[in-house]
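So this one's final-v4.tsv, TSV, C-alpha atoms:
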chain	number	residue	atom	x	y	z
A	1	MET	CA	0.00	0.00	0.00
A	2	ILE	CA	1.24	3.47	-0.90
A	3	LYS	CA	0.57	6.59	1.08
A	4	MET	CA	1.10	10.07	-0.30
A	5	PHE	CA	1.64	13.35	1.48
A	6	SER	CA	2.48	16.74	0.08
A	7	ALA	CA	4.12	20.11	0.68
A	8	PHE	CA	3.94	23.43	-1.15
A	9	THR	CA	5.67	26.79	-1.25
A	10	GLU	CA	5.73	29.96	-3.31
A	11	GLU	CA	8.92	31.24	-1.64
A	12	ILE	CA	11.44	31.40	-4.47
A	13	ASP	CA	14.16	33.80	-3.35
A	14	ASP	CA	14.80	32.87	0.30
A	15	VAL	CA	16.20	29.35	0.13
A	16	ASP	CA	16.23	28.73	3.88
A	17	ALA	CA	12.66	29.96	4.29
A	18	ALA	CA	11.44	27.83	1.37
A	19	VAL	CA	13.11	24.66	2.62
A	20	PHE	CA	11.86	25.28	6.15
A	21	GLU	CA	8.32	25.76	4.87
A	22	ILE	CA	8.43	22.50	2.92
A	23	LEU	CA	9.99	20.44	5.70
A	24	SER	CA	7.59	21.80	8.31
A	25	GLN	CA	4.67	20.49	6.25
A	26	LEU	CA	6.12	17.01	5.81
A	27	ASN	CA	6.58	15.70	9.36
A	28	LEU	CA	9.03	13.12	8.04
A	29	GLU	CA	9.63	11.29	11.30
A	30	GLN	CA	5.96	10.38	11.56
A	31	SER	CA	5.08	10.07	7.89
A	32	LEU	CA	7.87	8.11	6.21
A	33	MET	CA	7.56	4.37	5.85
A	34	LYS	CA	10.19	1.85	4.76
A	35	ASN	CA	10.59	3.03	1.15
A	36	SER	CA	9.88	6.46	-0.33
A	37	VAL	CA	10.31	8.62	-3.41
A	38	GLY	CA	9.66	12.32	-3.95
A	39	ILE	CA	7.95	13.72	-7.05
A	40	LEU	CA	8.72	17.40	-7.53
A	41	HIS	CA	7.01	19.92	-9.82
A	42	CYS	CA	7.94	23.57	-9.79
A	43	TYR	CA	8.32	26.86	-11.60
A	44	HIS	CA	11.79	27.06	-13.17
A	45	GLU	CA	13.04	29.92	-10.97
A	46	PHE	CA	13.21	27.50	-8.01
A	47	ILE	CA	16.20	25.96	-9.79
A	48	ASP	CA	18.00	29.27	-10.30
A	49	SER	CA	17.50	30.35	-6.70
A	50	GLY	CA	18.90	27.08	-5.32
A	51	VAL	CA	15.71	25.88	-3.62
A	52	VAL	CA	15.50	22.65	-5.64
A	53	LYS	CA	19.09	21.63	-4.92
A	54	THR	CA	19.03	22.53	-1.21
A	55	LEU	CA	15.68	20.84	-0.62
A	56	SER	CA	16.83	17.66	-2.35
A	57	GLU	CA	19.94	17.55	-0.18
A	58	LYS	CA	17.77	17.66	2.94
A	59	LEU	CA	15.61	14.66	2.04
A	60	PRO	CA	16.59	11.00	2.59
A	61	PHE	CA	15.14	9.62	-0.67
A	62	ASP	CA	15.36	10.22	-4.40
A	63	ILE	CA	13.62	13.29	-5.84
A	64	ILE	CA	12.43	13.19	-9.44
A	65	GLY	CA	10.23	15.51	-11.48
A	66	ILE	CA	9.85	18.32	-13.99
A	67	THR	CA	9.34	22.07	-14.21
A	68	VAL	CA	5.75	23.05	-14.96
A	69	PRO	CA	3.73	26.29	-15.17
A	70	TYR	CA	0.93	25.35	-12.74
A	71	VAL	CA	0.66	23.07	-9.70
A	72	ARG	CA	-2.13	22.27	-7.30
A	73	ILE	CA	-2.74	20.25	-4.17
A	74	SER	CA	-5.65	20.55	-1.76
A	75	GLU	CA	-6.35	24.26	-1.11
A	76	LYS	CA	-3.01	25.38	-2.56
A	77	ALA	CA	-2.25	26.35	-6.15
A	78	SER	CA	0.15	28.55	-8.06
A	79	SER	CA	1.61	29.36	-11.48
A	80	MET	CA	4.92	30.06	-9.71
A	81	GLY	CA	4.93	27.43	-7.00
A	82	LEU	CA	6.82	24.33	-5.90
A	83	MET	CA	4.92	21.15	-5.07
A	84	LEU	CA	6.57	18.12	-3.51
A	85	ASN	CA	4.60	14.88	-3.29
A	86	ILE	CA	6.05	11.93	-1.41
A	87	LEU	CA	5.01	8.34	-2.12
A	88	THR	CA	5.88	5.99	0.72
A	89	GLY	CA	5.12	2.44	1.80
A	90	ASP	CA	6.40	-0.60	3.69
A	91	ASP	CA	5.51	-3.17	1.05
A	92	VAL	CA	6.47	-1.23	-2.10
A	93	GLU	CA	9.78	-0.30	-3.68
A	94	PHE	CA	10.77	2.67	-5.83
A	95	ASN	CA	13.75	2.50	-8.16
A	96	THR	CA	14.81	5.62	-10.03
A	97	GLY	CA	17.23	6.69	-12.71
A	98	VAL	CA	18.14	9.60	-14.96
A	99	SER	CA	19.40	9.30	-18.50
A	100	THR	CA	22.56	10.56	-20.10
A	101	SER	CA	22.24	13.49	-22.50
A	102	ILE	CA	19.86	13.22	-25.44
A	103	ASN	CA	21.23	14.84	-28.58
A	104	ILE	CA	19.23	17.43	-30.47
A	105	GLY	CA	17.51	15.58	-33.27
A	106	GLY	CA	17.39	12.40	-31.19
A	107	GLU	CA	19.85	10.23	-33.10
A	108	ASN	CA	20.98	8.71	-29.78
A	109	LEU	CA	17.51	8.61	-28.19
A	110	LYS	CA	17.08	4.84	-28.42
A	111	GLN	CA	20.55	4.18	-27.02
A	112	VAL	CA	20.01	6.63	-24.16
A	113	THR	CA	16.54	5.30	-23.36
A	114	ASP	CA	17.66	1.66	-23.45
A	115	LYS	CA	20.50	2.50	-21.06
A	116	LEU	CA	18.09	4.26	-18.70
A	117	CYS	CA	15.70	1.29	-18.78
A	118	SER	CA	18.57	-1.16	-18.30
A	119	GLY	CA	19.65	0.72	-15.19
A	120	ILE	CA	16.14	0.46	-13.76
A	121	SER	CA	15.88	-3.22	-14.73
A	122	SER	CA	19.17	-4.05	-12.99
A	123	LYS	CA	17.66	-2.88	-9.69
A	124	LEU	CA	14.69	-5.23	-9.95
A	125	ASN	CA	14.55	-8.84	-8.89
A	126	LYS	CA	15.36	-11.34	-11.63
A	127	ASP	CA	12.57	-11.50	-14.23
A	128	GLU	CA	10.50	-9.04	-12.19
A	129	LYS	CA	8.07	-6.95	-14.20
A	130	PRO	CA	7.08	-3.68	-12.49
A	131	PRO	CA	3.33	-3.07	-12.14
A	132	MET	CA	3.98	0.41	-13.51
A	133	LEU	CA	6.59	2.96	-14.49
A	134	MET	CA	6.49	6.71	-14.16
A	135	ALA	CA	8.38	8.62	-16.85
A	136	PHE	CA	9.44	12.26	-17.00
A	137	GLY	CA	11.29	14.23	-19.63
A	138	PRO	CA	12.03	17.65	-21.08
A	139	PHE	CA	9.77	19.27	-23.66
A	140	MET	CA	10.97	17.13	-26.55
A	141	HIS	CA	9.84	19.62	-29.20
A	142	VAL	CA	12.75	21.88	-28.18
A	143	LEU	CA	15.14	19.00	-28.87
A	144	LYS	CA	13.51	18.46	-32.28
A	145	ILE	CA	12.38	15.00	-31.15
A	146	ASN	CA	8.99	13.31	-31.37
A	147	ALA	CA	8.18	12.40	-27.79
A	148	ASP	CA	6.32	9.32	-29.08
A	149	ASP	CA	9.71	7.75	-29.80
A	150	PHE	CA	10.78	8.04	-26.17
A	151	VAL	CA	7.54	6.42	-25.02
A	152	GLU	CA	7.87	3.70	-27.65
A	153	TYR	CA	11.43	2.82	-26.63
A	154	ILE	CA	10.43	2.44	-22.98
A	155	SER	CA	7.50	0.26	-24.02
A	156	ASP	CA	9.77	-1.91	-26.17
A	157	TYR	CA	12.14	-2.47	-23.24
A	158	PHE	CA	9.33	-3.12	-20.74
A	159	PRO	CA	6.62	-4.77	-22.89
A	160	ASN	CA	3.09	-4.72	-21.54
A	161	VAL	CA	4.04	-2.52	-18.58
A	162	PRO	CA	1.91	0.62	-18.08
A	163	VAL	CA	3.88	3.86	-18.34
A	164	PHE	CA	2.38	7.00	-16.83
A	165	GLY	CA	4.00	10.42	-16.71
A	166	ALA	CA	4.56	13.82	-18.25
A	167	PHE	CA	6.94	16.13	-20.07
A	168	SER	CA	8.16	19.47	-18.80
A	169	PHE	CA	6.83	22.79	-20.01
A	170	SER	CA	7.38	26.49	-19.49
A	171	GLU	CA	5.53	29.47	-20.83
A	172	GLU	CA	8.65	31.11	-22.22
A	173	ILE	CA	8.01	32.21	-25.81
A	174	ASP	CA	10.83	29.97	-27.08
A	175	PHE	CA	9.84	27.03	-24.82
A	176	SER	CA	13.14	27.33	-22.97
A	177	LYS	CA	13.58	26.52	-19.27
A	178	CYS	CA	11.89	23.13	-19.54
A	179	TYR	CA	13.81	20.87	-17.17
A	180	THR	CA	13.83	17.32	-15.88
A	181	LEU	CA	14.72	17.23	-12.17
A	182	TYR	CA	16.68	14.51	-10.42
A	183	ASN	CA	18.16	14.68	-6.91
A	184	GLY	CA	18.71	18.42	-6.99
A	185	GLU	CA	20.07	18.67	-10.53
A	186	SER	CA	18.21	20.00	-13.56
A	187	TYR	CA	18.54	18.74	-17.13
A	188	GLU	CA	17.37	20.28	-20.40
A	189	ASN	CA	18.16	17.12	-22.37
A	190	ALA	CA	17.67	14.14	-20.05
A	191	ALA	CA	14.75	11.94	-19.03
A	192	ALA	CA	14.03	10.05	-15.83
A	193	LEU	CA	12.14	6.95	-14.70
A	194	ILE	CA	10.61	5.50	-11.55
A	195	SER	CA	9.70	1.83	-11.30
A	196	ILE	CA	7.09	1.00	-8.69
A	197	THR	CA	6.96	-2.60	-7.49
A	198	GLY	CA	5.38	-4.55	-4.65
A	199	ASN	CA	1.87	-4.14	-3.30
A	200	VAL	CA	0.57	-1.73	-5.90
A	201	ASN	CA	-2.51	-2.00	-8.10
A	202	PRO	CA	-2.75	1.09	-10.30
A	203	SER	CA	-5.75	2.18	-12.34
A	204	PHE	CA	-5.73	4.72	-15.13
A	205	LEU	CA	-8.27	7.07	-16.71
A	206	THR	CA	-8.08	9.61	-19.50
A	207	ILE	CA	-10.40	12.03	-21.23
A	208	ALA	CA	-9.98	14.77	-23.83
A	209	VAL	CA	-13.15	15.97	-25.53
A	210	PRO	CA	-16.81	14.94	-25.55
A	211	GLU	CA	-17.63	12.62	-28.45
A	212	LYS	CA	-20.51	14.91	-29.44
A	213	ASN	CA	-18.03	17.65	-30.30
A	214	ILE	CA	-16.32	15.72	-33.11
A	215	ILE	CA	-17.25	17.28	-36.45
A	216	GLY	CA	-18.95	15.00	-38.96
A	217	GLU	CA	-17.61	11.61	-39.99
A	218	LEU	CA	-14.10	10.41	-39.18
A	219	ALA	CA	-11.65	10.87	-42.04
A	220	THR	CA	-8.58	8.79	-42.96
A	221	VAL	CA	-4.95	9.89	-42.79
A	222	THR	CA	-3.72	8.93	-46.23
A	223	LYS	CA	-0.14	10.16	-45.94
A	224	SER	CA	1.96	10.99	-42.89
A	225	GLN	CA	5.52	10.84	-41.66
A	226	GLY	CA	6.32	11.09	-37.98
A	227	ASN	CA	4.44	14.03	-36.55
A	228	ILE	CA	3.53	15.56	-39.92
A	229	ILE	CA	0.21	14.72	-41.56
A	230	HIS	CA	0.54	15.36	-45.29
A	231	SER	CA	-2.92	14.38	-46.45
A	232	ILE	CA	-6.37	13.42	-45.17
A	233	ASN	CA	-8.85	11.62	-47.44
A	234	GLY	CA	-6.33	12.07	-50.24
A	235	MET	CA	-6.27	15.86	-49.89
A	236	PRO	CA	-3.48	18.07	-48.51
A	237	VAL	CA	-4.38	18.85	-44.89
A	238	GLU	CA	-4.79	22.56	-45.66
A	239	ASP	CA	-7.32	21.75	-48.39
A	240	TYR	CA	-9.16	19.28	-46.15
A	241	VAL	CA	-9.61	21.69	-43.23
A	242	LEU	CA	-10.68	24.40	-45.68
A	243	SER	CA	-13.29	22.03	-47.09
A	244	ILE	CA	-14.87	21.45	-43.69
A	245	GLY	CA	-14.69	25.11	-42.68
A	246	LEU	CA	-12.11	24.97	-39.91
A	247	VAL	CA	-9.94	27.71	-41.45
A	248	GLU	CA	-10.81	30.45	-43.92
A	249	LYS	CA	-7.66	30.44	-46.02
A	250	LYS	CA	-4.36	28.65	-46.45
A	251	GLY	CA	-1.52	29.46	-44.09
A	252	GLU	CA	-3.74	29.39	-41.00
A	253	LEU	CA	-3.15	25.89	-39.69
A	254	GLU	CA	-1.70	27.22	-36.42
A	255	LYS	CA	-5.23	28.45	-35.61
A	256	LEU	CA	-6.14	24.79	-35.07
A	257	TYR	CA	-3.99	24.60	-31.91
A	258	THR	CA	-7.12	24.63	-29.73
A	259	THR	CA	-9.03	22.27	-32.05
A	260	PRO	CA	-8.02	18.82	-30.78
A	261	ILE	CA	-7.85	15.92	-33.20
A	262	ILE	CA	-9.02	12.48	-32.11
A	263	ALA	CA	-7.24	9.61	-33.90
A	264	ARG	CA	-8.44	6.00	-33.77
A	265	LEU	CA	-5.59	3.58	-34.47
A	266	ASP	CA	-5.69	0.12	-36.05
A	267	ASP	CA	-4.99	-1.61	-32.74
A	268	GLY	CA	-8.11	-0.10	-31.16
A	269	SER	CA	-6.33	2.54	-29.11
A	270	THR	CA	-7.00	6.27	-29.31
A	271	ILE	CA	-4.62	9.21	-29.33
A	272	VAL	CA	-5.33	12.93	-29.14
A	273	ARG	CA	-3.28	15.49	-31.04
A	274	VAL	CA	-3.05	19.25	-31.46
A	275	CYS	CA	-1.81	21.02	-34.57
A	276	ILE	CA	1.28	23.14	-33.93
A	277	GLY	CA	1.27	24.69	-37.41
A	278	GLY	CA	1.86	24.04	-41.09
A	279	ASP	CA	4.91	22.52	-42.76
A	280	GLY	CA	4.80	25.04	-45.62
A	281	GLN	CA	3.74	22.40	-48.14
A	282	GLY	CA	0.10	21.89	-47.22
A	283	GLY	CA	0.80	19.47	-44.36
A	284	ALA	CA	0.19	19.90	-40.63
A	285	VAL	CA	2.83	19.62	-37.90
A	286	MET	CA	1.23	17.78	-34.99
A	287	GLY	CA	2.10	17.43	-31.33
A	288	GLY	CA	2.94	13.77	-31.92
A	289	HIS	CA	2.80	10.92	-34.40
A	290	VAL	CA	-0.36	10.23	-36.40
A	291	PRO	CA	0.16	7.07	-38.49
A	292	GLU	CA	-1.22	6.49	-41.96
A	293	GLY	CA	-4.59	4.76	-41.83
A	294	ALA	CA	-5.63	6.43	-38.58
A	295	ARG	CA	-9.23	7.57	-38.52
A	296	VAL	CA	-9.30	11.19	-37.38
A	297	GLY	CA	-11.91	13.69	-36.31
A	298	PHE	CA	-11.62	17.36	-35.39
A	299	ALA	CA	-13.40	18.55	-32.26
A	300	MET	CA	-14.92	22.01	-31.91
A	301	LEU	CA	-15.06	23.09	-28.27
A	302	GLU	CA	-16.59	25.69	-26.05
A	303	LEU	CA	-15.14	26.46	-22.63
A	304	SER	CA	-17.94	24.49	-21.00
A	305	ASP	CA	-17.00	21.38	-23.00
A	306	THR	CA	-13.46	21.29	-21.63
A	307	ILE	CA	-14.66	21.88	-18.08
A	308	SER	CA	-17.34	19.20	-18.39
A	309	THR	CA	-14.72	16.57	-19.18
A	310	SER	CA	-12.67	17.64	-16.14
A	311	GLY	CA	-15.63	17.08	-13.86
A	312	GLU	CA	-16.60	13.84	-15.57
A	313	ILE	CA	-13.22	12.16	-15.19
A	314	THR	CA	-12.78	13.33	-11.60
A	315	ARG	CA	-16.14	11.90	-10.58
A	316	LYS	CA	-15.21	8.62	-12.28
A	317	ALA	CA	-11.91	8.56	-10.37
A	318	LEU	CA	-13.75	9.01	-7.09
A	319	GLU	CA	-16.02	6.07	-7.94
A	320	ILE	CA	-13.12	3.64	-8.35
A	321	THR	CA	-10.28	5.05	-6.25
A	322	GLU	CA	-10.95	2.84	-3.18
A	323	GLY	CA	-8.76	5.00	-0.97
A	324	ARG	CA	-5.83	5.15	-3.38
A	325	ASN	CA	-3.90	8.32	-4.15
A	326	ILE	CA	-4.86	10.31	-7.24
A	327	ILE	CA	-2.24	11.75	-9.60
A	328	ILE	CA	-3.47	14.07	-12.36
A	329	TYR	CA	-1.66	15.57	-15.35
A	330	THR	CA	-3.43	17.84	-17.79
A	331	CYS	CA	-2.17	19.35	-21.02
A	332	MET	CA	-0.89	22.89	-21.47
A	333	ALA	CA	-3.07	23.10	-24.58
A	334	ARG	CA	-6.08	22.84	-22.29
A	335	LEU	CA	-4.70	25.63	-20.12
A	336	GLY	CA	-4.15	27.75	-23.22
A	337	PHE	CA	-7.70	27.04	-24.35
A	338	LEU	CA	-9.07	28.33	-21.04
A	339	GLY	CA	-7.39	31.71	-21.54
A	340	ALA	CA	-5.88	34.07	-18.99
A	341	ASN	CA	-9.18	35.02	-17.34
A	342	GLN	CA	-10.30	31.42	-16.76
A	343	ARG	CA	-6.86	29.93	-16.09
A	344	GLU	CA	-7.75	28.12	-12.90
A	345	LEU	CA	-11.24	26.97	-13.87
A	346	GLU	CA	-10.32	23.39	-14.76
A	347	ALA	CA	-8.22	22.87	-11.62
A	348	LYS	CA	-10.95	24.41	-9.48
A	349	THR	CA	-13.55	22.12	-11.05
A	350	ILE	CA	-11.40	19.10	-10.26
A	351	CYS	CA	-10.75	20.22	-6.69
A	352	ASP	CA	-14.42	20.99	-6.10
A	353	CYS	CA	-15.22	17.41	-7.13
A	354	LEU	CA	-12.51	15.98	-4.88
A	355	GLY	CA	-13.79	17.98	-1.90
A	356	SER	CA	-11.78	17.45	1.27
A	357	LEU	CA	-9.57	14.76	-0.25
A	358	ASN	CA	-5.90	15.65	0.30
A	359	ASN	CA	-4.06	12.66	-1.20
A	360	PHE	CA	-3.92	14.02	-4.74
A	361	TYR	CA	-1.89	16.37	-6.90
A	362	LEU	CA	-2.40	18.10	-10.24
A	363	ALA	CA	0.12	19.60	-12.65
A	364	TYR	CA	-0.05	20.99	-16.19
A	365	ALA	CA	2.52	19.50	-18.56
A	366	GLY	CA	3.96	19.65	-22.07
A	367	GLY	CA	2.62	16.24	-23.09
A	368	GLU	CA	1.11	13.34	-21.18
A	369	ILE	CA	2.14	9.68	-21.17
A	370	PHE	CA	-0.81	7.35	-20.75
A	371	PRO	CA	-1.26	3.54	-20.79
A	372	GLN	CA	-4.29	2.06	-22.54
A	373	LYS	CA	-5.47	-1.52	-22.14
A	374	LEU	CA	-6.74	-3.02	-25.38
A	375	SER	CA	-9.62	-5.49	-25.59
A	376	GLY	CA	-7.23	-8.45	-25.54
A	377	GLY	CA	-5.48	-7.22	-22.41
A	378	LYS	CA	-2.39	-5.80	-24.10
A	379	ILE	CA	-1.05	-2.50	-22.72
A	380	VAL	CA	-0.07	0.23	-25.18
A	381	ASN	CA	1.52	3.46	-23.99
A	382	HIS	CA	0.95	6.66	-25.93
A	383	LEU	CA	1.94	10.28	-25.86
A	384	GLN	CA	-1.23	12.38	-25.60
A	385	ASN	CA	-2.06	16.03	-26.33
A	386	PHE	CA	-5.00	18.05	-25.02
A	387	SER	CA	-5.79	15.28	-22.55
A	388	LEU	CA	-6.33	14.93	-18.86
A	389	ILE	CA	-4.83	11.73	-17.45
A	390	VAL	CA	-5.31	10.17	-14.03
A	391	CYS	CA	-3.47	7.47	-12.11
A	392	MET	CA	-4.91	5.95	-8.93
A	393	ILE	CA	-2.17	4.28	-6.95
Taking this structure as input, can you express it in the form of structure tokens?
Amino acid sequence: MIKMFSAFTEEIDDVDAAVFEILSQLNLEQSLMKNSVGILHCYHEFIDSGVVKTLSEKLPFDIIGITVPYVRISEKASSMGLMLNILTGDDVEFNTGVSTSINIGGENLKQVTDKLCSGISSKLNKDEKPPMLMAFGPFMHVLKINADDFVEYISDYFPNVPVFGAFSFSEEIDFSKCYTLYNGESYENAAALISITGNVNPSFLTIAVPEKNIIGELATVTKSQGNIIHSINGMPVEDYVLSIGLVEKKGELEKLYTTPIIARLDDGSTIVRVCIGGDGQGGAVMGGHVPEGARVGFAMLELSDTISTSGEITRKALEITEGRNIIIYTCMARLGFLGANQRELEAKTICDCLGSLNNFYLAYAGGEIFPQKLSGGKIVNHLQNFSLIVCMI
């Protein structure tokens, strides 16, 4: 059984005051069990000020996480905060690792990921398969890498193991200052893993958009390569979205950023994508892979549609949680869709549903990693965009 407890601060500049505030909320002597791990999410300035490093040095377990632009626990939230969540238990084990540097362009991504997975595997008992992994990484778009590849390589190394996690994000205009965190150090080009073994029975939920909001019939991706869709129903993407009225003229594909695309894959799984912009040749650059043959639909949303899904998935989590902890990641595209004036509406909706529950955390991220169980029982792990993902552990 895993217990979770949390601490929070907005004190960036005074390192001693920030560390004291965190430690005073933790009550480590009473709260820690045999094995523990810390999951840290924070605004990037906590690295520069030294809070992340000093705090990590004060704690007797590994600390792993990412920088994010919004964090929330019960009754505490901030766009410039630090949130530390500790998982602890007597009959569970946590093994962690951080990768070596990933090159821009990703030519060494498989080698680096395999080495990271091998390091985790070497800490497990012989032939032991972890009930789940948690994965964290930088905003791969900055490294000119499709984050799907990272998820795929982990899944290849640990077949049929659910992988849950998130990628870093910052609201800098150039997407800089997106870091992976590990034991006080920060990395712009490294990823990290946690294996969780023992008495753990995780459940997973995800939601993106209401089915009723998908426009018309699903279309077919007829040509794609990596994260670029070249044609849909045999037409260049620009021509296709013009034909269904999503844009008024060519050169406006970036306007589709808040129009999520649902893609049904041949294996029965579903992925959600956002359009980052055009490739200059009539194709669309997506927030992840969309393979040829995928059946896709564009979803038109109002603010109320996004918020309705937040409430729906939270109520479902409460129905099945059975006292387990609740971990929630939601996409930065959803935060962008809410706009500056409604920035906290989704998080507030979730927290209103959770009520007095305090064994949960929520963070916005630059891509979500979610495991789906297919009808035959096989687990497939996918990068998601514009999604809200939940793990009950």
Taking 6 positions as the minimum chain separation for residues in the same chain, which residues sit within 8 Å of range 225-231 of chain A when counting only C-alpha atoms? Answer as an mmCIF file with C-alpha atoms, keeping the file's coordinate frame.
data_model
loop_
_atom_site.group_PDB
_atom_site.id
_atom_site.type_symbol
_atom_site.label_atom_id
_atom_site.label_comp_id
_atom_site.auth_asym_id
_atom_site.auth_seq_id
_atom_site.Cartn_x
_atom_site.Cartn_y
_atom_site.Cartn_z
ATOM 1 C CA ASN A 146 8.990 13.310 -31.370
ATOM 2 C CA VAL A 237 -4.380 18.850 -44.890
ATOM 3 C CA TYR A 240 -9.160 19.280 -46.150
ATOM 4 C CA ASP A 279 4.910 22.520 -42.760
ATOM 5 C CA GLY A 282 0.100 21.890 -47.220
ATOM 6 C CA GLY A 283 0.800 19.470 -44.360
ATOM 7 C CA ALA A 284 0.190 19.900 -40.630
ATOM 8 C CA VAL A 285 2.830 19.620 -37.900
ATOM 9 C CA MET A 286 1.230 17.780 -34.990
ATOM 10 C CA GLY A 287 2.100 17.430 -31.330
ATOM 11 C CA GLY A 288 2.940 13.770 -31.920
ATOM 12 C CA HIS A 289 2.800 10.920 -34.400
ATOM 13 C CA VAL A 290 -0.360 10.230 -36.400
ATOM 14 C CA PRO A 291 0.160 7.070 -38.490
#
### Task
Tell me which of A:Lys123, A:Lys348, A:Arg324, A:Lys115 sits closest to Val390 in chain A, counting all atoms listed in the file.
A:Arg324
### Task
Just the residues within 6 Å of Ala299 in chain A, please, counting all atoms listed in the file, with nothing from its chain fewer than 5 positions along; format it as a PyMOL selection string.
chain A and resi 213-215+259-260
### Message
Just want the 10 Å neighbourhood of Glu217 in chain A, counted on all atoms listed in the file, with same-chain residues fewer than 4 positions away dropped. Output as a ChimeraX atom specification.
### Response
/A:295-298
Those same residues - C-alpha atoms - I'd like them written as a short mmCIF file (atom, residue, chain, number, x, y, z; two decimals), keeping the file's coordinate frame.
data_model
loop_
_atom_site.label_atom_id
_atom_site.label_comp_id
_atom_site.auth_asym_id
_atom_site.auth_seq_id
_atom_site.Cartn_x
_atom_site.Cartn_y
_atom_site.Cartn_z
CA ARG A 295 -9.23 7.57 -38.52
CA VAL A 296 -9.30 11.19 -37.38
CA GLY A 297 -11.91 13.69 -36.31
CA PHE A 298 -11.62 17.36 -35.39
#
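Take CA of Gln372 in chain A and CA of Gly311 in chain A: the distance between them is 20.7 Å.
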